[in-house]
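**Q** Sharing run_1.tsv (TSV, C-alpha atoms) below.
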chain	number	residue	atom	x	y	z
A	1	MET	CA	-16.37	10.42	18.75
A	2	LYS	CA	-17.76	11.89	15.56
A	3	GLU	CA	-14.29	12.47	14.20
A	4	LEU	CA	-13.26	8.91	15.05
A	5	LEU	CA	-16.25	7.57	13.15
A	6	GLU	CA	-15.43	9.84	10.24
A	7	MET	CA	-11.88	8.53	10.32
A	8	PHE	CA	-13.12	4.93	10.23
A	9	ILE	CA	-15.39	5.67	7.26
A	10	ILE	CA	-12.74	7.51	5.26
A	11	PHE	CA	-10.17	4.78	5.79
A	12	ALA	CA	-12.74	2.08	5.02
A	13	ARG	CA	-13.47	3.88	1.74
A	14	ILE	CA	-9.76	3.97	0.95
A	15	GLY	CA	-9.31	0.29	1.91
A	16	GLY	CA	-12.32	-0.70	-0.17
A	17	PHE	CA	-10.87	0.84	-3.32
A	18	THR	CA	-7.20	-0.05	-2.92
A	19	PHE	CA	-6.51	-2.51	-5.70
A	20	GLY	CA	-2.99	-3.89	-5.88
A	21	GLY	CA	-1.24	-3.32	-2.59
A	22	GLY	CA	-0.36	-0.44	-0.33
A	23	TYR	CA	1.08	1.79	-3.04
A	24	ALA	CA	-2.29	1.93	-4.78
A	25	MET	CA	-3.60	3.64	-1.63
A	26	LEU	CA	-1.39	6.63	-2.23
A	27	PRO	CA	-3.57	8.56	-4.71
A	28	MET	CA	-6.56	8.23	-2.38
A	29	LEU	CA	-4.59	9.17	0.73
A	30	GLU	CA	-3.35	12.21	-1.09
A	31	LYS	CA	-6.88	13.24	-2.04
A	32	GLU	CA	-8.68	12.47	1.24
A	33	VAL	CA	-6.03	12.90	3.92
A	34	VAL	CA	-3.85	15.67	2.46
A	35	ASN	CA	-6.19	17.70	0.23
A	36	ASN	CA	-9.64	17.28	1.80
A	37	LYS	CA	-9.04	16.74	5.51
A	38	HIS	CA	-5.56	18.25	5.98
A	39	TRP	CA	-4.76	15.45	8.42
A	40	ALA	CA	-1.19	15.22	7.13
A	41	THR	CA	1.10	17.09	4.73
A	42	GLU	CA	2.54	15.57	1.58
A	43	GLU	CA	5.96	15.38	3.24
A	44	GLU	CA	4.52	13.47	6.19
A	45	LEU	CA	2.83	11.03	3.83
A	46	MET	CA	6.19	10.30	2.20
A	47	ASP	CA	7.79	9.83	5.63
A	48	TYR	CA	5.07	7.40	6.67
A	49	TYR	CA	5.49	5.37	3.51
A	50	ALA	CA	9.25	5.26	3.92
A	51	ILE	CA	9.11	4.25	7.58
A	52	GLY	CA	6.30	1.76	6.85
A	53	GLN	CA	8.57	0.21	4.26
A	54	CYS	CA	11.29	-0.68	6.74
A	55	THR	CA	9.19	-1.63	9.74
A	56	PRO	CA	7.41	-4.97	10.00
A	57	GLY	CA	3.87	-5.34	8.78
A	58	ILE	CA	1.77	-4.17	5.90
A	59	ILE	CA	2.51	-0.72	4.52
A	60	ALA	CA	-1.14	0.25	4.19
A	61	ILE	CA	-1.69	-0.55	7.87
A	62	ASN	CA	1.46	1.26	8.99
A	63	THR	CA	0.43	4.40	7.10
A	64	ALA	CA	-3.13	4.32	8.47
A	65	THR	CA	-1.82	3.89	12.02
A	66	PHE	CA	0.55	6.86	11.61
A	67	ILE	CA	-2.15	9.18	10.31
A	68	GLY	CA	-4.74	8.01	12.86
A	69	TYR	CA	-2.30	8.55	15.71
A	70	LYS	CA	-1.30	11.97	14.49
A	71	VAL	CA	-4.89	13.20	14.31
A	72	LYS	CA	-6.56	11.50	17.28
A	73	GLY	CA	-3.96	9.65	19.33
A	74	ILE	CA	-4.28	5.94	20.06
A	75	PRO	CA	-8.06	5.74	19.45
A	76	GLY	CA	-7.46	7.39	16.07
A	77	ALA	CA	-4.73	4.90	15.22
A	78	ILE	CA	-7.05	1.99	16.05
A	79	MET	CA	-10.03	3.38	14.13
A	80	ALA	CA	-7.99	4.21	11.02
A	81	THR	CA	-6.43	0.75	11.02
A	82	LEU	CA	-9.74	-1.04	11.54
A	83	GLY	CA	-11.19	1.11	8.76
A	84	VAL	CA	-8.55	0.01	6.26
A	85	ILE	CA	-9.01	-3.68	6.98
A	86	ALA	CA	-12.81	-3.77	7.39
A	87	PRO	CA	-13.67	-3.96	3.65
A	88	SER	CA	-11.10	-6.74	3.13
A	89	LEU	CA	-12.55	-8.81	5.94
A	90	VAL	CA	-16.08	-8.54	4.58
A	91	ILE	CA	-15.24	-8.97	0.89
A	92	ILE	CA	-12.85	-11.90	1.31
A	93	THR	CA	-15.15	-13.69	3.73
A	94	VAL	CA	-18.08	-13.36	1.32
A	95	ILE	CA	-16.03	-14.50	-1.66
A	96	THR	CA	-14.51	-17.46	0.19
A	97	ALA	CA	-17.83	-18.53	1.66
A	98	PHE	CA	-20.05	-18.18	-1.40
A	99	ILE	CA	-18.08	-17.93	-4.63
A	100	SER	CA	-15.83	-20.90	-5.22
A	101	ASN	CA	-14.78	-19.91	-8.74
A	102	PHE	CA	-14.35	-16.17	-8.25
A	103	MET	CA	-11.28	-15.92	-10.47
A	104	ASP	CA	-12.98	-17.77	-13.33
A	105	LEU	CA	-15.77	-15.24	-13.68
A	106	TRP	CA	-14.99	-13.46	-16.93
A	107	PHE	CA	-16.12	-10.05	-15.82
A	108	VAL	CA	-13.85	-10.15	-12.77
A	109	SER	CA	-10.69	-10.46	-14.84
A	110	SER	CA	-11.94	-7.88	-17.38
A	111	ALA	CA	-12.80	-5.39	-14.68
A	112	PHE	CA	-9.37	-5.90	-13.15
A	113	ALA	CA	-7.57	-5.37	-16.42
A	114	GLY	CA	-9.35	-2.02	-16.63
A	115	ILE	CA	-8.59	-1.15	-13.01
A	116	ARG	CA	-4.88	-1.92	-13.44
A	117	ALA	CA	-4.56	0.54	-16.34
A	118	CYS	CA	-6.28	3.18	-14.20
A	119	VAL	CA	-4.24	2.48	-11.07
A	120	CYS	CA	-0.92	3.04	-12.91
A	121	VAL	CA	-2.08	6.46	-14.03
A	122	LEU	CA	-3.26	7.35	-10.53
A	123	ILE	CA	0.02	6.20	-8.96
A	124	PHE	CA	2.13	8.17	-11.44
A	125	ASP	CA	0.07	11.28	-10.91
A	126	ALA	CA	0.56	10.93	-7.14
A	127	VAL	CA	4.30	10.30	-7.54
A	128	LEU	CA	4.64	13.46	-9.64
A	129	LYS	CA	2.90	15.55	-6.99
A	130	LEU	CA	4.68	14.01	-4.02
A	131	GLY	CA	7.98	13.95	-5.89
A	132	LYS	CA	7.96	17.74	-6.06
A	133	LYS	CA	7.88	17.82	-2.25
A	134	ALA	CA	10.37	15.01	-1.72
A	135	LEU	CA	12.99	15.95	-4.31
A	136	VAL	CA	13.95	19.33	-2.93
A	137	ASP	CA	17.43	19.49	-4.49
A	138	ASN	CA	19.76	17.71	-6.90
A	139	ALA	CA	21.16	15.35	-4.28
A	140	ALA	CA	17.62	14.16	-3.50
A	141	LYS	CA	16.98	13.65	-7.23
A	142	ILE	CA	20.08	11.52	-7.48
A	143	ILE	CA	19.01	9.40	-4.49
A	144	PHE	CA	15.63	9.01	-6.22
A	145	LEU	CA	17.16	7.80	-9.48
A	146	ILE	CA	19.58	5.40	-7.81
A	147	VAL	CA	16.90	3.82	-5.62
A	148	LEU	CA	14.54	3.58	-8.61
A	149	GLY	CA	17.20	1.86	-10.69
A	150	ILE	CA	18.15	-0.58	-7.96
A	151	SER	CA	14.58	-1.52	-7.15
A	152	LEU	CA	13.67	-1.99	-10.82
A	153	PHE	CA	16.62	-4.13	-11.79
A	154	THR	CA	17.67	-6.01	-8.67
A	155	ASN	CA	16.05	-7.86	-5.79
A	156	VAL	CA	17.57	-5.74	-3.03
A	157	SER	CA	14.96	-5.41	-0.29
A	158	SER	CA	13.07	-2.12	-0.08
A	159	ALA	CA	13.70	-1.91	3.65
A	160	LEU	CA	17.44	-1.91	3.02
A	161	LEU	CA	17.15	0.79	0.33
A	162	VAL	CA	15.13	3.04	2.61
A	163	ALA	CA	17.55	2.59	5.50
A	164	ALA	CA	20.52	3.30	3.23
A	165	ALA	CA	18.84	6.44	1.88
A	166	GLY	CA	18.37	7.67	5.44
A	167	VAL	CA	22.08	7.21	6.14
A	168	VAL	CA	22.99	8.96	2.87
A	169	GLY	CA	20.67	11.82	3.85
A	170	VAL	CA	22.66	12.36	7.04
A	171	MET	CA	25.97	12.00	5.19
A	172	ILE	CA	24.99	14.68	2.68
A	173	LYS	CA	23.34	17.10	5.05
A	174	GLY	CA	25.41	16.42	8.14
A	175	SER	CA	24.03	15.59	11.57
A	176	THR	CA	23.82	19.14	12.86
A	177	GLY	CA	21.79	22.20	11.86
A	178	ASN	CA	21.24	22.89	8.16
A	179	LYS	CA	19.68	25.50	5.97
A	180	ASN	CA	17.34	23.60	3.71
A	181	THR	CA	15.13	20.87	5.05
A	182	GLY	CA	14.98	22.01	8.65
A	183	LYS	CA	13.70	25.49	7.89
A	184	ARG	CA	11.18	24.21	5.41
A	185	GLU	CA	9.72	21.87	8.01
A	186	ARG	CA	9.53	24.43	10.74
A	187	LYS	CA	7.73	26.89	8.54
A	188	GLN	CA	5.00	24.35	7.95
A	189	ALA	CA	4.69	23.14	11.52
B	1	MET	CA	-3.51	-25.65	22.28
B	2	ASN	CA	-6.73	-23.78	21.68
B	3	VAL	CA	-7.01	-23.25	17.93
B	4	TYR	CA	-7.92	-19.55	18.30
B	5	LEU	CA	-4.87	-18.94	20.43
B	6	GLU	CA	-2.71	-20.78	17.93
B	7	ILE	CA	-4.09	-18.70	15.04
B	8	PHE	CA	-3.38	-15.57	17.05
B	9	ILE	CA	0.22	-16.54	17.86
B	10	ARG	CA	1.05	-17.66	14.32
B	11	PHE	CA	-0.34	-14.60	12.58
B	12	PHE	CA	1.01	-12.22	15.19
B	13	SER	CA	4.54	-13.50	14.59
B	14	CYS	CA	3.92	-13.35	10.83
B	15	GLY	CA	2.98	-9.67	11.20
B	16	LEU	CA	5.95	-9.04	13.44
B	17	PHE	CA	8.61	-10.49	11.16
B	18	ALA	CA	7.32	-9.81	7.63
B	19	VAL	CA	9.05	-6.59	6.61
B	20	GLY	CA	8.13	-4.84	3.36
B	21	GLY	CA	4.50	-5.30	2.42
B	22	GLY	CA	1.95	-7.99	1.67
B	23	LEU	CA	4.10	-10.35	-0.38
B	24	ALA	CA	6.59	-10.54	2.49
B	25	THR	CA	3.96	-12.52	4.43
B	26	LEU	CA	4.08	-15.34	1.85
B	27	PRO	CA	7.05	-17.33	3.23
B	28	PHE	CA	5.34	-17.28	6.64
B	29	LEU	CA	2.09	-18.56	5.17
B	30	TYR	CA	3.97	-21.45	3.54
B	31	GLU	CA	5.56	-22.24	6.87
B	32	ILE	CA	2.19	-22.25	8.66
B	33	SER	CA	0.83	-24.56	5.96
B	34	ARG	CA	3.75	-26.97	6.38
B	35	GLU	CA	3.63	-27.06	10.14
B	36	THR	CA	-0.10	-27.16	10.79
B	37	GLY	CA	-1.71	-28.56	7.64
B	38	TRP	CA	-4.50	-25.97	8.07
B	39	TYR	CA	-4.50	-25.34	4.33
B	40	THR	CA	-2.59	-26.59	1.27
B	41	TYR	CA	-0.06	-24.92	-1.05
B	42	GLN	CA	-2.83	-25.00	-3.67
B	43	ASP	CA	-4.98	-22.92	-1.32
B	44	ILE	CA	-2.13	-20.39	-1.10
B	45	SER	CA	-1.92	-19.92	-4.85
B	46	ASN	CA	-5.70	-19.52	-5.11
B	47	MET	CA	-5.47	-17.02	-2.33
B	48	ILE	CA	-2.78	-14.97	-4.04
B	49	ALA	CA	-4.96	-14.71	-7.15
B	50	ILE	CA	-7.99	-13.65	-5.13
B	51	SER	CA	-6.02	-11.23	-2.96
B	52	GLU	CA	-4.60	-9.53	-6.00
B	53	SER	CA	-8.04	-9.14	-7.52
B	54	THR	CA	-9.91	-7.79	-4.54
B	55	PRO	CA	-9.51	-4.43	-2.89
B	56	GLY	CA	-7.53	-3.96	0.29
B	57	PRO	CA	-4.00	-4.67	1.45
B	58	MET	CA	-2.82	-8.06	0.18
B	59	GLY	CA	-1.49	-9.29	3.52
B	60	VAL	CA	-4.86	-8.63	5.17
B	61	ASN	CA	-6.72	-10.35	2.33
B	62	MET	CA	-4.49	-13.38	2.54
B	63	ALA	CA	-4.82	-13.65	6.33
B	64	THR	CA	-8.62	-13.36	6.05
B	65	TYR	CA	-8.76	-16.05	3.38
B	66	VAL	CA	-6.53	-18.41	5.32
B	67	GLY	CA	-8.31	-17.65	8.60
B	68	PHE	CA	-11.66	-18.50	7.02
B	69	HIS	CA	-10.29	-21.81	5.77
B	70	ILE	CA	-9.05	-22.72	9.23
B	71	GLU	CA	-11.92	-21.72	11.45
B	72	GLY	CA	-14.77	-20.04	9.54
B	73	ILE	CA	-15.81	-16.49	10.35
B	74	ALA	CA	-14.03	-16.47	13.73
B	75	GLY	CA	-10.79	-17.38	11.97
B	76	ALA	CA	-11.42	-14.74	9.30
B	77	LEU	CA	-11.57	-12.15	12.10
B	78	ILE	CA	-8.75	-13.36	14.33
B	79	ALA	CA	-6.09	-13.99	11.65
B	80	PRO	CA	-6.03	-10.49	10.06
B	81	LEU	CA	-6.40	-8.70	13.41
B	82	SER	CA	-3.47	-10.68	14.82
B	83	LEU	CA	-1.49	-9.92	11.68
B	84	VAL	CA	-1.88	-6.14	11.99
B	85	LEU	CA	-1.47	-5.89	15.76
B	86	PRO	CA	2.38	-5.86	15.78
B	87	SER	CA	2.44	-3.10	13.11
B	88	VAL	CA	0.05	-0.97	15.10
B	89	ILE	CA	2.10	-1.31	18.27
B	90	ILE	CA	5.41	-0.63	16.52
B	91	ILE	CA	4.09	2.38	14.60
B	92	LEU	CA	2.61	3.85	17.78
B	93	ILE	CA	6.01	3.63	19.42
B	94	ILE	CA	7.73	5.20	16.40
B	95	SER	CA	5.09	7.96	16.26
B	96	ARG	CA	5.78	8.90	19.85
B	97	VAL	CA	9.53	8.94	19.35
B	98	LEU	CA	9.13	10.92	16.12
B	99	ASP	CA	6.89	13.47	17.86
B	100	ARG	CA	9.60	14.14	20.40
B	101	PHE	CA	12.60	14.28	18.07
B	102	LYS	CA	10.98	15.62	14.93
B	103	SER	CA	12.72	18.98	14.96
B	104	ALA	CA	16.18	17.49	15.60
B	105	PRO	CA	18.35	18.22	12.54
B	106	VAL	CA	19.62	14.66	12.32
B	107	VAL	CA	16.04	13.34	12.13
B	108	GLN	CA	15.23	15.93	9.46
B	109	ASN	CA	18.22	14.80	7.44
B	110	VAL	CA	17.32	11.15	7.73
B	111	LEU	CA	13.79	12.01	6.56
B	112	TYR	CA	15.25	13.98	3.65
B	113	GLY	CA	16.90	10.77	2.43
B	114	LEU	CA	13.87	8.62	3.23
B	115	ARG	CA	11.46	10.76	1.21
B	116	ALA	CA	13.56	10.51	-1.94
B	117	ALA	CA	13.81	6.73	-1.52
B	118	SER	CA	10.10	6.50	-0.79
B	119	ALA	CA	9.21	8.39	-3.98
B	120	ALA	CA	11.48	6.06	-5.94
B	121	LEU	CA	9.95	2.90	-4.47
B	122	ILE	CA	6.45	4.14	-5.24
B	123	ALA	CA	7.48	4.96	-8.82
B	124	ALA	CA	8.98	1.46	-9.13
B	125	ALA	CA	5.75	-0.09	-7.86
B	126	GLY	CA	3.79	1.95	-10.42
B	127	LEU	CA	6.07	0.69	-13.19
B	128	GLY	CA	5.48	-2.86	-11.96
B	129	VAL	CA	1.72	-2.43	-12.32
B	130	ALA	CA	2.23	-0.76	-15.72
B	131	LYS	CA	4.12	-3.79	-16.99
B	132	ILE	CA	1.18	-6.08	-16.19
B	133	ALA	CA	-1.43	-3.60	-17.39
B	134	PHE	CA	0.05	-2.58	-20.74
B	135	LEU	CA	2.07	-5.57	-21.93
B	136	THR	CA	0.02	-8.55	-23.01
B	137	MET	CA	1.15	-11.98	-21.93
B	138	ASP	CA	-1.08	-13.97	-24.30
B	139	ASP	CA	-2.03	-13.80	-27.97
B	140	GLU	CA	-5.77	-13.48	-27.46
B	141	ALA	CA	-5.88	-9.74	-26.91
B	142	VAL	CA	-6.21	-7.53	-29.97
B	143	THR	CA	-2.89	-5.80	-30.40
B	144	ALA	CA	-1.46	-3.53	-33.05
B	145	LEU	CA	2.08	-3.61	-31.71
B	146	PRO	CA	3.34	-6.97	-30.56
B	147	GLY	CA	2.94	-7.28	-26.82
B	148	LEU	CA	1.29	-3.92	-26.29
B	149	ASN	CA	-2.27	-3.91	-24.95
B	150	VAL	CA	-3.71	-1.06	-27.02
B	151	LYS	CA	-7.05	-0.99	-25.22
B	152	ALA	CA	-5.34	-0.58	-21.87
B	153	VAL	CA	-3.08	2.19	-23.18
B	154	ILE	CA	-6.06	4.09	-24.62
B	155	LEU	CA	-7.92	3.70	-21.34
B	156	ALA	CA	-4.90	4.98	-19.40
B	157	VAL	CA	-4.67	8.06	-21.64
B	158	ALA	CA	-8.40	8.68	-21.16
B	159	VAL	CA	-8.01	8.36	-17.38
B	160	TYR	CA	-5.10	10.80	-17.40
B	161	VAL	CA	-7.02	13.38	-19.45
B	162	GLY	CA	-10.05	12.96	-17.18
B	163	LEU	CA	-7.88	13.29	-14.09
B	164	LYS	CA	-6.38	16.58	-15.26
B	165	LYS	CA	-9.66	17.99	-16.53
B	166	PHE	CA	-12.21	17.06	-13.85
B	167	LYS	CA	-10.08	16.44	-10.75
B	168	LYS	CA	-12.60	13.95	-9.35
B	169	HIS	CA	-11.93	11.48	-6.53
B	170	PRO	CA	-9.67	8.56	-7.60
B	171	ILE	CA	-12.54	6.15	-6.80
B	172	VAL	CA	-14.54	7.65	-9.68
B	173	TYR	CA	-11.80	6.74	-12.17
B	174	ILE	CA	-11.38	3.25	-10.69
B	175	ILE	CA	-15.11	2.49	-11.04
B	176	CYS	CA	-15.23	3.89	-14.60
B	177	SER	CA	-12.17	1.85	-15.59
B	178	ALA	CA	-13.64	-1.35	-14.14
B	179	ALA	CA	-16.80	-0.68	-16.16
B	180	ALA	CA	-14.74	0.03	-19.29
B	181	GLY	CA	-12.86	-3.24	-18.74
B	182	VAL	CA	-16.09	-5.22	-18.54
B	183	VAL	CA	-17.90	-3.45	-21.42
B	184	LEU	CA	-14.93	-3.56	-23.80
B	185	ARG	CA	-14.00	-7.12	-22.71
B	186	PHE	CA	-10.39	-6.38	-21.78
Turn the structure described in the file into structure tokens.

**A**
Amino acid sequence: MKELLEMFIIFARIGGFTFGGGYAMLPMLEKEVVNNKHWATEEELMDYYAIGQCTPGIIAINTATFIGYKVKGIPGAIMATLGVIAPSLVIITVITAFISNFMDLWFVSSAFAGIRACVCVLIFDAVLKLGKKALVDNAAKIIFLIVLGISLFTNVSSALLVAAAGVVGVMIKGSTGNKNTGKRERKQA
Amino acid sequence: MNVYLEIFIRFFSCGLFAVGGGLATLPFLYEISRETGWYTYQDISNMIAISESTPGPMGVNMATYVGFHIEGIAGALIAPLSLVLPSVIIILIISRVLDRFKSAPVVQNVLYGLRAASAALIAAAGLGVAKIAFLTMDDEAVTALPGLNVKAVILAVAVYVGLKKFKKHPIVYIICSAAAGVVLRF
């Protein structure tokens, strides 16, 4: 029970400070879930993001559900998910009910300009750290560059890119036993 | 039909079919607006602005905003919960399957590809935010180089140095940057 409550609080804290979509959650997940609590490894975090990308629903929710389930089963999945959405429910309800001109308040847009600059730095720092775990060899680096290029310059859906990368992974590594990724995983498990 | 039930069904199917993050829910929200008249297109654009400027996942923010417009606090609870329910169910199923087949080589090799793609998509998202944060869209901001928001760049450098030096929780840097934005009138 105590751990479930802790899970709710940690995910509420992450939800309450995620500005700009699910990807902005990543630096906080890395700090709280990977470094502090050891609820998931960096590799698992990348897997959750990738799978969340090509399944229906909001990526932040998908990731929270994955981590919650891994740590505490179905109750964990529910608590983590409720934690992520709780701050949104409260904040949006208050703003909608009481502040009709929220966006016109000058300090709101100034604060957000500051937050955006900060969030980019945090995301890049997280990508650098996670990238080291994800890009284990040259083939993975090439997949990274190709997907980055396609998603920057075209409108191909992310879900499609992720699915294609999964297929390419199997094509490169084969569908049977292999030396690299498999061993690495097992050592950590 | 009971309005609560209708909110549930509409947002549940929105959550079930919107693949790829918060903005993917938009077409569904337009459709709900057209078919029910619960809120206007103008409400949707206000909502996007507010959702982008408040913490939390955008899809959840939008559902809460719309739900509140339809049916007050009850709507603000039912809409986002209905929206996330399909994700939770689907991810639980995937988690179970993944648990069982995790050590299978083919799954490992799929994940090998997925992780690289995932890192790339996150980097692309970061670049998207960077474009808005560092390139100015209007002439009001003080700029040395045309189109470059110097204040934001300086703040970003300061955040990076602070991040490497003090290794504090990301929330600390977010709060400081919000304060810097307000004090320096970004």

**Q** Taking all atoms listed in the file into account, which of B:Tyr65, B:Arg96, B:Arg10, B:Asn2 comes nearest Lys70 (chain A)?

**A**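 Going through B:Tyr65, B:Arg96, B:Arg10, B:Asn2 one by one, the smallest distance to Lys70 (chain A) is for B:Arg96.
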
**Q** Go through A:Leu148, A:Ile85, A:Ile58, A:Leu135 and flag the residue nearest Cys14 (chain B), using all atoms listed in the file for the distances.

**A**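 Result for the nearest residue to Cys14 (chain B): A:Ile58.
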
**Q** So which one's closest to chain B, A:Leu29, A:Ile59, A:Ala80, A:Val136? Using all atoms listed in the file, please.

**A**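 With all atoms listed in the file as the atom set, the closest residue is A:Ile59.
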
**Q** Kindly provide, as a PyMOL selection string, the polymer residues lying within 8 Å of (-8.8, -8.5, 4.2), counting all atoms listed in the file and using the coordinates exactly as they appear in the file.

**A** (chain A and resi 85-92) or (chain B and resi 56-65+80)

**Q** Expressed in Å to a single decimal, how great is the separation between CA of His169 (chain B) and CA of Phe8 (chain A)?

**A**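 Straight-line distance from CA of His169 (chain B) to CA of Phe8 (chain A) works out to 18.0 Å.
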
**Q** Just want the 9 Å neighbourhood of region 42-51 of chain A, counted on all atoms listed in the file, with same-chain residues fewer than 3 positions away dropped. Output as a CSV table (one decimal) with C-alpha atoms, keeping the file's coordinate frame.

**A**
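The result, written out as part_13.csv:
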chain,number,residue,atom,x,y,z
A,23,TYR,CA,1.1,1.8,-3.0
A,26,LEU,CA,-1.4,6.6,-2.2
A,29,LEU,CA,-4.6,9.2,0.7
A,30,GLU,CA,-3.4,12.2,-1.1
A,34,VAL,CA,-3.8,15.7,2.5
A,54,CYS,CA,11.3,-0.7,6.7
A,55,THR,CA,9.2,-1.6,9.7
A,59,ILE,CA,2.5,-0.7,4.5
A,60,ALA,CA,-1.1,0.2,4.2
A,62,ASN,CA,1.5,1.3,9.0
A,63,THR,CA,0.4,4.4,7.1
A,64,ALA,CA,-3.1,4.3,8.5
A,66,PHE,CA,0.6,6.9,11.6
A,67,ILE,CA,-2.2,9.2,10.3
A,129,LYS,CA,2.9,15.6,-7.0
A,130,LEU,CA,4.7,14.0,-4.0
A,133,LYS,CA,7.9,17.8,-2.2
A,134,ALA,CA,10.4,15.0,-1.7
A,159,ALA,CA,13.7,-1.9,3.6
A,162,VAL,CA,15.1,3.0,2.6
A,163,ALA,CA,17.6,2.6,5.5
A,185,GLU,CA,9.7,21.9,8.0
B,91,ILE,CA,4.1,2.4,14.6
B,94,ILE,CA,7.7,5.2,16.4
B,111,LEU,CA,13.8,12.0,6.6
B,112,TYR,CA,15.2,14.0,3.6
B,114,LEU,CA,13.9,8.6,3.2
B,115,ARG,CA,11.5,10.8,1.2
B,116,ALA,CA,13.6,10.5,-1.9
B,117,ALA,CA,13.8,6.7,-1.5
B,118,SER,CA,10.1,6.5,-0.8
B,119,ALA,CA,9.2,8.4,-4.0
B,121,LEU,CA,10.0,2.9,-4.5
B,122,ILE,CA,6.4,4.1,-5.2

**Q** Determine, counting only C-alpha atoms, which protein, DNA and RNA residues have an atom within 6 Å of an atom of region 104-111 of chain A; residues of the same chain fewer than 5 positions away are not included. Present the result as a PyMOL selection string.

**A** chain B and resi 178+181-182+185-186

**Q** Would you kindly return, as a list in words, each protein, DNA or RNA residue with an atom no farther than 12 Å from any atom of Glu3 (chain A), considering all atoms listed in the file and excluding same-chain residues fewer than 5 positions away?

**A**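 My reading of the contact set: Phe8, Ile9, Ile10, Lys37, Trp39, Gly68, Val71, Lys72, Gly73, Pro75, Gly76, Met79 and Ala80 of chain A.
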
**Q** Check the smallest atom-to-atom distance from each of B:Ile7, B:Val97, B:Ala158, B:Ala120 to chain A using all atoms listed in the file, then report the winner.

**A** B:Ala120

**Q** Taking only C-alpha atoms into account, which of B:Ala104, B:Ile175, B:Val19, B:Ile73 comes nearest chain A?

**A**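 Among the listed residues, the smallest separation from chain A belongs to B:Val19.
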
**Q** Point out the residue among B:Glu71, B:Pro55, B:Ser82, B:Phe101 with the least atom-to-atom distance to chain A, counting all atoms listed in the file.

**A**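 Smallest separation from chain A among the options: B:Pro55.
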
**Q** Tell me which protein, DNA and RNA residues are within 10 Å of Ser13 (chain B), counting all atoms listed in the file, leaving out same-chain ones fewer than 6 positions away, and put them as an mmCIF file with C-alpha atoms, in the frame of the given file.

**A**
data_model
loop_
_atom_site.group_PDB
_atom_site.id
_atom_site.type_symbol
_atom_site.label_atom_id
_atom_site.label_comp_id
_atom_site.auth_asym_id
_atom_site.auth_seq_id
_atom_site.Cartn_x
_atom_site.Cartn_y
_atom_site.Cartn_z
ATOM 1 C CA PHE B 28 5.340 -17.280 6.640
ATOM 2 C CA SER B 82 -3.470 -10.680 14.820
ATOM 3 C CA LEU B 83 -1.490 -9.920 11.680
ATOM 4 C CA LEU B 85 -1.470 -5.890 15.760
ATOM 5 C CA PRO B 86 2.380 -5.860 15.780
#

**Q** Kindly give the distance, in Å, that separates CA of Cys120 (chain A) and CA of Leu127 (chain B), rounded to a single decimal.

**A**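 Going from CA of Cys120 (chain A) over to CA of Leu127 (chain B), I get 7.4 Å.
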
**Q** If you measure from CA of Leu5 (chain B) to CA of Leu82 (chain A), what distance in Å do you get, rounded to one decimal?

**A**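 CA of Leu82 (chain A) lies 20.6 Å from CA of Leu5 (chain B).
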